[in-house]
file work21.pdb (PDB, C-alpha atoms and all ligand atoms)
ATOM      1  CA  MET Y   1      20.681  -8.959  12.571
ATOM      2  CA  SER Y   2      23.030  -7.806   9.861
ATOM      3  CA  PHE Y   3      25.443  -4.983  10.662
ATOM      4  CA  THR Y   4      23.482  -3.068   8.002
ATOM      5  CA  ASP Y   5      20.884  -1.076   9.839
ATOM      6  CA  ILE Y   6      17.476  -0.656   8.168
ATOM      7  CA  LYS Y   7      15.895   2.674   9.018
ATOM      8  CA  ASP Y   8      12.109   2.728   8.895
ATOM      9  CA  ALA Y   9      10.493   5.355   6.676
ATOM     10  CA  THR Y  10       8.360   8.068   8.311
ATOM     11  CA  ALA Y  11       5.876   6.208  10.506
ATOM     12  CA  ARG Y  12       2.279   6.477   9.288
ATOM     13  CA  ILE Y  13      -0.837   4.424   9.735
ATOM     14  CA  ASN Y  14      -1.663   3.073   6.287
ATOM     15  CA  ARG Y  15      -4.340   0.390   6.795
ATOM     16  CA  SER Y  16      -6.737   1.839   4.223
ATOM     17  CA  GLU Y  17      -5.747   3.940   1.219
ATOM     18  CA  LEU Y  18      -8.759   5.441  -0.528
ATOM     19  CA  ALA Y  19      -8.435   6.177  -4.245
ATOM     20  CA  VAL Y  20     -10.460   9.137  -5.517
ATOM     21  CA  PRO Y  21     -10.602  10.380  -9.122
ATOM     22  CA  GLY Y  22      -9.388  13.980  -9.412
ATOM     23  CA  SER Y  23     -11.921  14.609 -12.178
ATOM     24  CA  ASN Y  24     -14.888  14.283  -9.796
ATOM     25  CA  ARG Y  25     -15.276  17.220  -7.386
ATOM     26  CA  ARG Y  26     -18.107  15.594  -5.466
ATOM     27  CA  PHE Y  27     -16.028  12.459  -4.844
ATOM     28  CA  LEU Y  28     -13.131  14.639  -3.683
ATOM     29  CA  GLU Y  29     -15.411  16.351  -1.156
ATOM     30  CA  LYS Y  30     -16.704  13.014   0.081
ATOM     31  CA  ALA Y  31     -13.183  11.593   0.339
ATOM     32  CA  ALA Y  32     -12.178  14.403   2.692
ATOM     33  CA  GLN Y  33     -14.793  13.078   5.165
ATOM     34  CA  ALA Y  34     -13.824   9.410   4.804
ATOM     35  CA  LYS Y  35     -12.334   7.411   7.659
ATOM     36  CA  ALA Y  36      -9.399   6.297   5.517
ATOM     37  CA  ASP Y  37      -5.857   6.506   6.909
ATOM     38  CA  VAL Y  38      -4.543   7.708   3.547
ATOM     39  CA  VAL Y  39      -6.337   9.229   0.570
ATOM     40  CA  PHE Y  40      -4.781   9.526  -2.855
ATOM     41  CA  LEU Y  41      -6.216  12.076  -5.243
ATOM     42  CA  ASP Y  42      -5.838  10.505  -8.630
ATOM     43  CA  LEU Y  43      -4.571  12.236 -11.743
ATOM     44  CA  GLU Y  44      -3.728   8.950 -13.479
ATOM     45  CA  ASP Y  45      -5.823   6.028 -14.665
ATOM     46  CA  SER Y  46      -9.215   6.982 -13.256
ATOM     47  CA  VAL Y  47      -9.030  10.243 -15.259
ATOM     48  CA  SER Y  48      -9.538  10.218 -19.019
ATOM     49  CA  PRO Y  49      -6.929  12.058 -21.148
ATOM     50  CA  GLU Y  50      -9.346  14.925 -22.048
ATOM     51  CA  LEU Y  51      -9.915  15.625 -18.343
ATOM     52  CA  LYS Y  52      -6.286  15.662 -17.159
ATOM     53  CA  ASP Y  53      -6.011  19.462 -16.906
ATOM     54  CA  GLU Y  54      -9.374  19.837 -15.210
ATOM     55  CA  ALA Y  55      -8.564  17.041 -12.740
ATOM     56  CA  ARG Y  56      -5.265  18.721 -11.844
ATOM     57  CA  LYS Y  57      -7.110  21.973 -11.154
ATOM     58  CA  ASN Y  58      -9.701  20.172  -9.017
ATOM     59  CA  VAL Y  59      -7.000  18.434  -7.024
ATOM     60  CA  ILE Y  60      -5.165  21.715  -6.393
ATOM     61  CA  GLU Y  61      -8.410  23.296  -5.198
ATOM     62  CA  ALA Y  62      -9.227  20.287  -3.044
ATOM     63  CA  LEU Y  63      -5.799  20.434  -1.388
ATOM     64  CA  ASN Y  64      -6.183  24.144  -0.690
ATOM     65  CA  ASP Y  65      -9.844  24.324   0.286
ATOM     66  CA  LEU Y  66     -11.023  21.044   1.825
ATOM     67  CA  ASP Y  67     -10.436  19.949   5.407
ATOM     68  CA  TRP Y  68      -8.602  16.615   5.232
ATOM     69  CA  GLY Y  69      -8.473  16.209   9.007
ATOM     70  CA  GLU Y  70      -5.809  13.859  10.335
ATOM     71  CA  LYS Y  71      -5.491  11.905   7.124
ATOM     72  CA  THR Y  72      -2.329  11.433   5.118
ATOM     73  CA  VAL Y  73      -2.950  12.983   1.711
ATOM     74  CA  SER Y  74      -1.276  11.898  -1.500
ATOM     75  CA  VAL Y  75      -1.583  12.737  -5.200
ATOM     76  CA  ARG Y  76      -1.165  10.001  -7.807
ATOM     77  CA  LEU Y  77       0.823  11.478 -10.673
ATOM     78  CA  ASN Y  78       0.670  10.419 -14.266
ATOM     79  CA  GLY Y  79       3.460   8.036 -15.285
ATOM     80  CA  LEU Y  80       6.814   9.164 -16.647
ATOM     81  CA  ASP Y  81       5.956   7.863 -20.131
ATOM     82  CA  THR Y  82       3.164  10.450 -20.517
ATOM     83  CA  ALA Y  83       3.198  14.174 -21.291
ATOM     84  CA  TRP Y  84       1.655  15.112 -17.925
ATOM     85  CA  THR Y  85       3.988  14.197 -15.030
ATOM     86  CA  TYR Y  86       6.012  17.432 -14.985
ATOM     87  CA  ARG Y  87       2.864  19.592 -14.909
ATOM     88  CA  ASP Y  88       1.333  17.395 -12.223
ATOM     89  CA  VAL Y  89       4.384  17.880 -10.010
ATOM     90  CA  VAL Y  90       5.081  21.540 -10.739
ATOM     91  CA  ASP Y  91       1.491  22.802 -10.611
ATOM     92  CA  VAL Y  92       0.538  20.828  -7.505
ATOM     93  CA  LEU Y  93       3.651  21.838  -5.562
ATOM     94  CA  GLU Y  94       3.664  25.449  -6.735
ATOM     95  CA  GLN Y  95      -0.026  26.090  -6.269
ATOM     96  CA  THR Y  96      -0.793  24.389  -2.968
ATOM     97  CA  GLY Y  97       0.193  24.978   0.649
ATOM     98  CA  GLU Y  98       1.774  22.449   2.969
ATOM     99  CA  ARG Y  99      -1.163  20.041   3.337
ATOM    100  CA  LEU Y 100       0.102  17.465   0.846
ATOM    101  CA  ASP Y 101       2.144  14.639   2.401
ATOM    102  CA  LEU Y 102       2.986  12.242  -0.416
ATOM    103  CA  MET Y 103       3.220  11.851  -4.173
ATOM    104  CA  MET Y 104       2.520   8.481  -5.746
ATOM    105  CA  LEU Y 105       4.389   7.459  -8.883
ATOM    106  CA  PRO Y 106       2.700   4.732 -10.943
ATOM    107  CA  LYS Y 107       4.342   2.189 -13.247
ATOM    108  CA  VAL Y 108       7.819   2.609 -11.791
ATOM    109  CA  GLY Y 109      10.146   0.380 -13.817
ATOM    110  CA  VAL Y 110      13.686   1.228 -12.757
ATOM    111  CA  ALA Y 111      15.377   3.053  -9.879
ATOM    112  CA  ALA Y 112      16.180   5.997 -12.182
ATOM    113  CA  ASP Y 113      12.427   6.727 -12.483
ATOM    114  CA  VAL Y 114      12.407   7.557  -8.777
ATOM    115  CA  TYR Y 115      15.616   9.569  -9.120
ATOM    116  CA  ALA Y 116      14.069  11.641 -11.897
ATOM    117  CA  LEU Y 117      11.002  12.423  -9.785
ATOM    118  CA  ASP Y 118      13.214  13.256  -6.816
ATOM    119  CA  VAL Y 119      15.164  15.815  -8.897
ATOM    120  CA  LEU Y 120      11.973  17.522 -10.034
ATOM    121  CA  VAL Y 121      10.290  17.549  -6.617
ATOM    122  CA  SER Y 122      13.480  18.704  -4.883
ATOM    123  CA  GLN Y 123      13.877  21.641  -7.254
ATOM    124  CA  VAL Y 124      10.306  22.858  -6.850
ATOM    125  CA  GLU Y 125      10.517  22.451  -3.074
ATOM    126  CA  ARG Y 126      13.697  24.531  -2.972
ATOM    127  CA  ALA Y 127      12.458  27.170  -5.378
ATOM    128  CA  LYS Y 128       9.222  27.620  -3.460
ATOM    129  CA  GLY Y 129      10.743  27.251   0.013
ATOM    130  CA  ARG Y 130       8.357  24.427   0.903
ATOM    131  CA  LYS Y 131       8.940  23.205   4.453
ATOM    132  CA  LYS Y 132       7.411  19.734   4.480
ATOM    133  CA  ARG Y 133       9.413  17.174   2.511
ATOM    134  CA  ILE Y 134       7.113  15.251   0.169
ATOM    135  CA  GLY Y 135       7.419  11.467   0.585
ATOM    136  CA  PHE Y 136       7.051   8.962  -2.254
ATOM    137  CA  GLU Y 137       4.673   6.054  -2.760
ATOM    138  CA  LEU Y 138       5.742   3.813  -5.637
ATOM    139  CA  ILE Y 139       3.485   1.420  -7.490
ATOM    140  CA  ILE Y 140       5.058  -1.859  -8.570
ATOM    141  CA  GLU Y 141       2.798  -2.842 -11.461
ATOM    142  CA  SER Y 142       4.895  -4.180 -14.301
ATOM    143  CA  ALA Y 143       7.260  -7.072 -14.920
ATOM    144  CA  LEU Y 144      10.112  -4.538 -15.108
ATOM    145  CA  GLY Y 145       9.070  -2.899 -11.841
ATOM    146  CA  LEU Y 146       8.868  -6.198 -10.001
ATOM    147  CA  ALA Y 147      12.232  -7.331 -11.400
ATOM    148  CA  ASN Y 148      13.764  -4.070 -10.103
ATOM    149  CA  ALA Y 149      11.696  -3.696  -6.930
ATOM    150  CA  ASN Y 150      14.695  -3.889  -4.621
ATOM    151  CA  ALA Y 151      16.629  -1.109  -6.378
ATOM    152  CA  ILE Y 152      13.450   0.977  -6.684
ATOM    153  CA  ALA Y 153      12.769   0.668  -2.951
ATOM    154  CA  GLY Y 154      16.240   2.000  -2.163
ATOM    155  CA  ALA Y 155      16.281   4.749  -4.802
ATOM    156  CA  SER Y 156      15.413   7.801  -2.675
ATOM    157  CA  PRO Y 157      15.307   8.826   0.990
ATOM    158  CA  ARG Y 158      11.823  10.152   0.188
ATOM    159  CA  ASN Y 159      10.510   6.621  -0.374
ATOM    160  CA  GLU Y 160       7.848   5.561   2.117
ATOM    161  CA  SER Y 161       5.883   2.699   0.587
ATOM    162  CA  LEU Y 162       5.635   0.190  -2.251
ATOM    163  CA  HIS Y 163       2.195  -0.701  -3.634
ATOM    164  CA  PHE Y 164       1.176  -3.714  -5.682
ATOM    165  CA  GLY Y 165      -0.854  -2.548  -8.688
ATOM    166  CA  VAL Y 166      -2.487  -5.789  -9.659
ATOM    167  CA  ALA Y 167      -4.442  -4.523 -12.687
ATOM    168  CA  ASP Y 168      -1.510  -3.079 -14.594
ATOM    169  CA  PHE Y 169       0.709  -5.918 -13.410
ATOM    170  CA  ALA Y 170      -1.677  -8.476 -14.903
ATOM    171  CA  ALA Y 171      -1.623  -6.562 -18.193
ATOM    172  CA  SER Y 172       2.173  -6.325 -18.129
ATOM    173  CA  VAL Y 173       2.780 -10.048 -17.622
ATOM    174  CA  LYS Y 174      -0.202 -10.953 -19.838
ATOM    175  CA  ALA Y 175      -1.849 -12.901 -17.037
ATOM    176  CA  ASP Y 176      -5.288 -14.411 -17.553
ATOM    177  CA  THR Y 177      -7.551 -12.546 -15.121
ATOM    178  CA  THR Y 178     -11.258 -12.359 -14.401
ATOM    179  CA  GLN Y 179     -11.601  -9.151 -12.353
ATOM    180  CA  ILE Y 180      -9.171  -6.690 -10.747
ATOM    181  CA  GLY Y 181      -7.269  -8.442  -7.963
ATOM    182  CA  GLY Y 182      -9.656 -11.377  -7.783
ATOM    183  CA  PRO Y 183      -8.986 -15.091  -8.061
ATOM    184  CA  ASN Y 184      -9.251 -17.079 -11.281
ATOM    185  CA  PRO Y 185     -10.908 -20.518 -11.265
ATOM    186  CA  ARG Y 186      -8.358 -21.705 -13.812
ATOM    187  CA  TYR Y 187      -5.565 -21.152 -11.291
ATOM    188  CA  ALA Y 188      -6.493 -24.236  -9.311
ATOM    189  CA  VAL Y 189      -5.314 -27.652  -8.269
ATOM    190  CA  LEU Y 190      -7.363 -30.854  -8.219
ATOM    191  CA  THR Y 191      -6.916 -33.145  -5.253
ATOM    192  CA  ASP Y 192      -6.183 -36.811  -5.889
ATOM    193  CA  PRO Y 193      -9.372 -38.921  -5.938
ATOM    194  CA  LEU Y 194     -10.818 -38.849  -2.410
ATOM    195  CA  ASP Y 195     -12.961 -41.972  -2.586
ATOM    196  CA  ASP Y 196     -13.748 -45.022  -4.682
ATOM    197  CA  ALA Y 197     -16.113 -42.982  -6.811
ATOM    198  CA  GLY Y 198     -13.096 -40.871  -7.859
ATOM    199  CA  ARG Y 199     -14.494 -37.693  -6.315
ATOM    200  CA  ARG Y 200     -11.990 -34.849  -6.366
ATOM    201  CA  GLU Y 201     -11.964 -31.354  -4.927
ATOM    202  CA  VAL Y 202     -10.911 -28.159  -6.665
ATOM    203  CA  HIS Y 203      -8.754 -25.742  -4.643
ATOM    204  CA  TRP Y 204      -8.353 -22.317  -6.104
ATOM    205  CA  GLY Y 205      -4.875 -20.874  -5.685
ATOM    206  CA  ASP Y 206      -3.762 -17.284  -5.098
ATOM    207  CA  MET Y 207      -2.197 -16.245  -8.379
ATOM    208  CA  TRP Y 208      -0.912 -12.992  -6.813
ATOM    209  CA  HIS Y 209       1.080 -14.611  -4.035
ATOM    210  CA  TYR Y 210       4.515 -14.334  -5.659
ATOM    211  CA  PRO Y 211       4.466 -10.672  -6.761
ATOM    212  CA  VAL Y 212       2.890  -9.494  -3.512
ATOM    213  CA  TRP Y 213       5.477 -11.251  -1.432
ATOM    214  CA  GLN Y 214       8.321 -10.051  -3.667
ATOM    215  CA  MET Y 215       7.083  -6.515  -3.127
ATOM    216  CA  VAL Y 216       6.809  -7.043   0.638
ATOM    217  CA  VAL Y 217      10.411  -8.287   0.823
ATOM    218  CA  ALA Y 218      11.763  -5.411  -1.309
ATOM    219  CA  ALA Y 219       9.845  -2.850   0.760
ATOM    220  CA  ARG Y 220      10.849  -4.246   4.146
ATOM    221  CA  ALA Y 221      14.502  -4.593   3.112
ATOM    222  CA  HIS Y 222      14.483  -0.785   2.806
ATOM    223  CA  GLY Y 223      12.255   0.083   5.774
ATOM    224  CA  LEU Y 224       9.232   0.907   3.571
ATOM    225  CA  ARG Y 225       5.548   0.011   4.065
ATOM    226  CA  PRO Y 226       4.233  -2.656   1.678
ATOM    227  CA  ILE Y 227       0.640  -1.906   0.640
ATOM    228  CA  ASP Y 228      -1.644  -4.146  -1.387
ATOM    229  CA  GLY Y 229      -3.487  -2.524  -4.300
ATOM    230  CA  PRO Y 230      -7.046  -2.679  -5.605
ATOM    231  CA  PHE Y 231      -9.777  -5.288  -5.350
ATOM    232  CA  GLY Y 232     -12.231  -4.377  -8.072
ATOM    233  CA  ASP Y 233     -15.448  -6.131  -7.032
ATOM    234  CA  PHE Y 234     -16.613  -3.666  -4.388
ATOM    235  CA  SER Y 235     -19.865  -5.608  -3.835
ATOM    236  CA  ASP Y 236     -17.899  -8.664  -2.677
ATOM    237  CA  GLU Y 237     -17.144  -7.951   0.962
ATOM    238  CA  ALA Y 238     -16.067 -11.516   1.774
ATOM    239  CA  GLY Y 239     -13.787 -11.560  -1.264
ATOM    240  CA  PHE Y 240     -12.159  -8.286  -0.164
ATOM    241  CA  ARG Y 241     -11.653  -9.566   3.373
ATOM    242  CA  ALA Y 242     -10.053 -12.804   2.174
ATOM    243  CA  HIS Y 243      -7.776 -10.940  -0.211
ATOM    244  CA  ALA Y 244      -6.787  -8.298   2.360
ATOM    245  CA  GLY Y 245      -6.285 -10.988   5.007
ATOM    246  CA  ARG Y 246      -3.777 -12.815   2.806
ATOM    247  CA  ALA Y 247      -1.871  -9.598   2.132
ATOM    248  CA  MET Y 248      -1.833  -8.822   5.868
ATOM    249  CA  VAL Y 249      -0.520 -12.299   6.694
ATOM    250  CA  LEU Y 250       2.343 -11.782   4.237
ATOM    251  CA  GLY Y 251       3.341  -8.513   5.912
ATOM    252  CA  CYS Y 252       1.403  -5.778   4.080
ATOM    253  CA  GLU Y 253       0.372  -2.855   6.283
ATOM    254  CA  GLY Y 254      -2.736  -1.962   4.349
ATOM    255  CA  LYS Y 255      -4.735  -2.110   1.156
ATOM    256  CA  TRP Y 256      -6.330   0.263  -1.297
ATOM    257  CA  ALA Y 257     -10.020   1.035  -1.160
ATOM    258  CA  ILE Y 258     -11.319   1.747  -4.649
ATOM    259  CA  HIS Y 259     -14.759   2.372  -3.151
ATOM    260  CA  PRO Y 260     -15.618   4.057   0.163
ATOM    261  CA  SER Y 261     -17.271   0.834   1.387
ATOM    262  CA  GLN Y 262     -13.864  -0.879   1.417
ATOM    263  CA  VAL Y 263     -12.325   1.622   3.872
ATOM    264  CA  ALA Y 264     -13.833   0.162   7.048
ATOM    265  CA  LEU Y 265     -13.037  -3.366   5.873
ATOM    266  CA  ALA Y 266      -9.369  -2.519   5.315
ATOM    267  CA  ASN Y 267      -9.119  -0.695   8.654
ATOM    268  CA  GLU Y 268     -10.521  -3.764  10.382
ATOM    269  CA  VAL Y 269      -8.404  -6.383   8.615
ATOM    270  CA  PHE Y 270      -5.152  -4.459   9.148
ATOM    271  CA  SER Y 271      -5.747  -3.651  12.841
ATOM    272  CA  PRO Y 272      -4.498  -6.317  15.253
ATOM    273  CA  SER Y 273      -7.355  -7.795  17.302
ATOM    274  CA  ASP Y 274      -7.432  -7.462  21.116
ATOM    275  CA  ALA Y 275      -6.762 -11.201  21.371
ATOM    276  CA  GLU Y 276      -3.658 -10.930  19.159
ATOM    277  CA  VAL Y 277      -2.282  -8.037  21.190
ATOM    278  CA  ALA Y 278      -3.025  -9.819  24.481
ATOM    279  CA  LYS Y 279      -1.193 -12.906  23.199
ATOM    280  CA  ALA Y 280       1.800 -10.795  22.140
ATOM    281  CA  ARG Y 281       1.957  -9.214  25.607
ATOM    282  CA  LYS Y 282       1.776 -12.678  27.186
ATOM    283  CA  ILE Y 283       4.720 -13.810  25.046
ATOM    284  CA  LEU Y 284       6.759 -10.771  26.079
ATOM    285  CA  LYS Y 285       6.027 -11.456  29.753
ATOM    286  CA  ALA Y 286       6.898 -15.159  29.442
ATOM    287  CA  MET Y 287      10.163 -14.342  27.668
ATOM    288  CA  GLU Y 288      11.074 -11.755  30.284
ATOM    289  CA  GLU Y 289      10.640 -14.393  32.996
ATOM    290  CA  ALA Y 290      12.578 -16.925  30.912
ATOM    291  CA  ARG Y 291      15.472 -14.540  30.442
ATOM    292  CA  ALA Y 292      15.568 -13.740  34.155
ATOM    293  CA  GLN Y 293      16.184 -17.473  34.645
ATOM    294  CA  GLY Y 294      18.850 -17.579  31.934
ATOM    295  CA  GLN Y 295      16.672 -19.373  29.350
ATOM    296  CA  GLY Y 296      16.429 -18.365  25.670
ATOM    297  CA  ALA Y 297      13.453 -20.563  24.814
ATOM    298  CA  VAL Y 298      10.466 -21.778  26.843
ATOM    299  CA  ALA Y 299       7.083 -23.419  26.346
ATOM    300  CA  LEU Y 300       3.992 -21.225  26.439
ATOM    301  CA  ASP Y 301       0.557 -22.869  26.173
ATOM    302  CA  GLY Y 302       2.205 -26.015  24.844
ATOM    303  CA  LYS Y 303       4.193 -24.229  22.106
ATOM    304  CA  LEU Y 304       7.821 -23.232  21.814
ATOM    305  CA  ILE Y 305       8.708 -19.568  21.965
ATOM    306  CA  ASP Y 306      12.205 -18.096  21.755
ATOM    307  CA  LEU Y 307      14.044 -14.819  21.223
ATOM    308  CA  ALA Y 308      12.575 -14.433  17.712
ATOM    309  CA  SER Y 309       9.120 -14.560  19.308
ATOM    310  CA  ILE Y 310      10.050 -11.407  21.228
ATOM    311  CA  ARG Y 311      10.665  -9.527  17.982
ATOM    312  CA  GLN Y 312       7.364 -10.699  16.490
ATOM    313  CA  ALA Y 313       5.461  -9.849  19.659
ATOM    314  CA  GLU Y 314       7.126  -6.440  19.920
ATOM    315  CA  ALA Y 315       6.196  -5.692  16.295
ATOM    316  CA  MET Y 316       2.570  -6.592  17.073
ATOM    317  CA  VAL Y 317       2.422  -4.416  20.212
ATOM    318  CA  LYS Y 318       4.118  -1.521  18.380
ATOM    319  CA  LYS Y 319       1.583  -1.784  15.552
ATOM    320  CA  ALA Y 320      -1.317  -1.766  18.013
ATOM    321  CA  GLU Y 321       0.095   1.255  19.839
ATOM    322  CA  LYS Y 322       0.606   3.118  16.553
ATOM    323  CA  ILE Y 323      -3.022   2.506  15.581
ATOM    324  CA  GLY Y 324      -4.083   3.510  19.089
TER     325      GLY Y 324
HETATM  326  C1  LIG Y 401      -3.299   0.081  -9.895
HETATM  327  O1  LIG Y 401      -2.894   1.108 -10.321
HETATM  328  C2  LIG Y 401      -3.379  -1.101 -10.654
HETATM  329  O2  LIG Y 401      -2.991  -1.057 -11.840
HETATM  330  O3  LIG Y 401      -3.844  -2.127 -10.121
HETATM  331 MG    MG Y 402      -2.215   0.902 -12.342
END
call {"tool": "encode", "arguments": {"input": "work21.pdb", "output": "structure tokens"}}
result
Amino acid sequence: MSFTDIKDATARINRSELAVPGSNRRFLEKAAQAKADVVFLDLEDSVSPELKDEARKNVIEALNDLDWGEKTVSVRLNGLDTAWTYRDVVDVLEQTGERLDLMMLPKVGVAADVYALDVLVSQVERAKGRKKRIGFELIIESALGLANANAIAGASPRNESLHFGVADFAASVKADTTQIGGPNPRYAVLTDPLDDAGRREVHWGDMWHYPVWQMVVAARAHGLRPIDGPFGDFSDEAGFRAHAGRAMVLGCEGKWAIHPSQVALANEVFSPSDAEVAKARKILKAMEEARAQGQGAVALDGKLIDLASIRQAEAMVKKAEKIG
């Protein structure tokens, strides 16, 4: 390890993050009952400009009056290029109690965006004597944001997580997309001819691989949680699972649910299975025995394991214990 110590952000379970439009009171009530680890009450892109003030009022009421149980609760603010962010921050923090945990800033482009939000939040917290420090969730969803993801991740001690906002990102880089977060048949490779008849197979690629992994690296380099964003086709359960599975494999801790039906799927995909945890424990035991005999690497079930395997296995066991 480097001599530079990476401190993990406040530990939270963040397998599923349910998005709920602040303009819809019924959806807010339903979201309070959901089995999501995190819920974000949206003031941004699911709310039309004419409804911004009403949505803010609804969200304030929902934070004060609804029982959110054990969930982590966040509010997605409007972006800094709008006329609404300051009111979102000031009204929500001045008019609610201590139930709110996080604020989510969309379309972050440079580290100074986070600094600006930190100044505003810090002043309202001080003025109002709020006890719980609000943490930040930051959406990486533009070419500028991805280019500056590392600096953004390190821009405030309030930072807890980076999120990949695939819809806005696609618009920002002018990508050719079919549906939010889904694959595109034109992003494919053809195999060489497989037989004398010249038959070839088409393999669709994952056009989101690079930005998601960039975000994961930037987040982890600063001890933050990387979280994958939306998958728009909420009727496509298999598609969601495949997409979430890829994000999980790359190191993401969770994924958004833009529909309540995606919550259980995300919780499942981002929870280690019993078999994975049992294997991790077996690795730890084998390495303990190996070390007692002065060995740094041994064979387990016909495969090499070494000291790095301990760190991977410990991370798996820790994750399982956190989820409980
Ligand atoms: C989320 O905000 C997205 O743009 O995908
Ligand atoms: Mg967006």
call {"tool": "closest_residue", "arguments": {"input": "work21.pdb", "among": "Y:Glu54, Y:Asp37, Y:Glu70, Y:Asp5", "to": "Ser23 of chain Y", "atoms": "all atoms listed in the file"}}
result
Y:Glu54
call {"tool": "atom_distance", "arguments": {"input": "work21.pdb", "atom1": "atom CA of Asp236 of chain Y", "atom2": "atom CA of Asp168 of chain Y"}}
result
21.0 Å
call {"tool": "residues_near_ligand", "arguments": {"input": "work21.pdb", "ligand": "ligand MG 402 (chain Y)", "cutoff": "7 Å", "atoms": "all atoms listed in the file", "output": "tab-separated table (two decimals) with C-alpha atoms, in the coordinates of the input"}}
result
chain	number	residue	atom	x	y	z
Y	45	ASP	CA	-5.82	6.03	-14.66
Y	106	PRO	CA	2.70	4.73	-10.94
Y	107	LYS	CA	4.34	2.19	-13.25
Y	141	GLU	CA	2.80	-2.84	-11.46
Y	165	GLY	CA	-0.85	-2.55	-8.69
Y	167	ALA	CA	-4.44	-4.52	-12.69
Y	168	ASP	CA	-1.51	-3.08	-14.59
call {"tool": "atom_distance", "arguments": {"input": "work21.pdb", "atom1": "atom CA of Gly251 of chain Y", "atom2": "atom CA of Asn159 of chain Y"}}
result
17.9 Å
call {"tool": "residues_around", "arguments": {"input": "work21.pdb", "residues": "segment 281-297 of chain Y", "least_positions_apart": "2", "cutoff": "9 Å", "atoms": "only C-alpha atoms", "output": "mmCIF file with C-alpha atoms, in the frame of the given file"}}
result
data_model
loop_
_atom_site.group_PDB
_atom_site.id
_atom_site.type_symbol
_atom_site.label_atom_id
_atom_site.label_comp_id
_atom_site.auth_asym_id
_atom_site.auth_seq_id
_atom_site.Cartn_x
_atom_site.Cartn_y
_atom_site.Cartn_z
ATOM 1 C CA GLU Y 276 -3.658 -10.930 19.159
ATOM 2 C CA VAL Y 277 -2.282 -8.037 21.190
ATOM 3 C CA ALA Y 278 -3.025 -9.819 24.481
ATOM 4 C CA LYS Y 279 -1.193 -12.906 23.199
ATOM 5 C CA ALA Y 299 7.083 -23.419 26.346
ATOM 6 C CA LEU Y 300 3.992 -21.225 26.439
ATOM 7 C CA LEU Y 304 7.821 -23.232 21.814
ATOM 8 C CA ILE Y 305 8.708 -19.568 21.965
ATOM 9 C CA ASP Y 306 12.205 -18.096 21.755
ATOM 10 C CA LEU Y 307 14.044 -14.819 21.223
ATOM 11 C CA SER Y 309 9.120 -14.560 19.308
ATOM 12 C CA ILE Y 310 10.050 -11.407 21.228
ATOM 13 C CA ALA Y 313 5.461 -9.849 19.659
ATOM 14 C CA GLU Y 314 7.126 -6.440 19.920
ATOM 15 C CA MET Y 316 2.570 -6.592 17.073
ATOM 16 C CA VAL Y 317 2.422 -4.416 20.212
#
call {"tool": "closest_residue", "arguments": {"input": "work21.pdb", "among": "Y:Gly239, Y:Gly229, Y:Gly324, Y:Pro211", "to": "Trp256 of chain Y", "atoms": "all atoms listed in the file"}}
result
Y:Gly229
call {"tool": "atom_distance", "arguments": {"input": "work21.pdb", "atom1": "atom CA of Thr177 of chain Y", "atom2": "atom CA of Leu190 of chain Y"}}
result
19.6 Å
call {"tool": "resolve_selection", "arguments": {"input": "work21.pdb", "expression": "the PyMOL selection byres (((chain Y and resi 94) around 12) and not hetatm)", "output": "ChimeraX atom specification"}}
result
/Y:60,63-64,86-93,95-98,100,120-121,123-130
call {"tool": "write_last_selection", "arguments": {"input": "work21.pdb", "atoms": "C-alpha atoms", "output": "compact mmCIF listing (two decimals), in the coordinates of the input"}}
result
# COMPACT_ATOMS: atom_id res chain seq x y z
CA ILE Y 60 -5.16 21.72 -6.39
CA LEU Y 63 -5.80 20.43 -1.39
CA ASN Y 64 -6.18 24.14 -0.69
CA TYR Y 86 6.01 17.43 -14.98
CA ARG Y 87 2.86 19.59 -14.91
CA ASP Y 88 1.33 17.40 -12.22
CA VAL Y 89 4.38 17.88 -10.01
CA VAL Y 90 5.08 21.54 -10.74
CA ASP Y 91 1.49 22.80 -10.61
CA VAL Y 92 0.54 20.83 -7.50
CA LEU Y 93 3.65 21.84 -5.56
CA GLN Y 95 -0.03 26.09 -6.27
CA THR Y 96 -0.79 24.39 -2.97
CA GLY Y 97 0.19 24.98 0.65
CA GLU Y 98 1.77 22.45 2.97
CA LEU Y 100 0.10 17.46 0.85
CA LEU Y 120 11.97 17.52 -10.03
CA VAL Y 121 10.29 17.55 -6.62
CA GLN Y 123 13.88 21.64 -7.25
CA VAL Y 124 10.31 22.86 -6.85
CA GLU Y 125 10.52 22.45 -3.07
CA ARG Y 126 13.70 24.53 -2.97
CA ALA Y 127 12.46 27.17 -5.38
CA LYS Y 128 9.22 27.62 -3.46
CA GLY Y 129 10.74 27.25 0.01
CA ARG Y 130 8.36 24.43 0.90
call {"tool": "closest_residue", "arguments": {"input": "work21.pdb", "among": "Y:Cys252, Y:Val47, Y:Ala275, Y:Ala170", "to": "ligand LIG 401 (chain Y)", "atoms": "only C-alpha atoms and all ligand atoms"}}
result
Y:Ala170
call {"tool": "axis_aligned_box", "arguments": {"input": "work21.pdb", "around": "segment 173-181 of chain Y", "padding_each_side": "6 Å", "output": "lines of an AutoDock Vina configuration file"}}
result
center_x = -4.4
center_y = -10.6
center_z = -13.9
size_x = 26.4
size_y = 19.7
size_z = 23.9
call {"tool": "closest_residue", "arguments": {"input": "work21.pdb", "among": "Y:Ser235, Y:Ser273, Y:Gln179, Y:Asn267", "to": "ligand LIG 401 (chain Y)", "atoms": "all atoms listed in the file"}}
result
Y:Gln179
call {"tool": "closest_residue", "arguments": {"input": "work21.pdb", "among": "Y:Ala149, Y:Ala221, Y:Leu250, Y:Val108", "to": "Thr4 of chain Y", "atoms": "all atoms listed in the file"}}
result
Y:Ala221
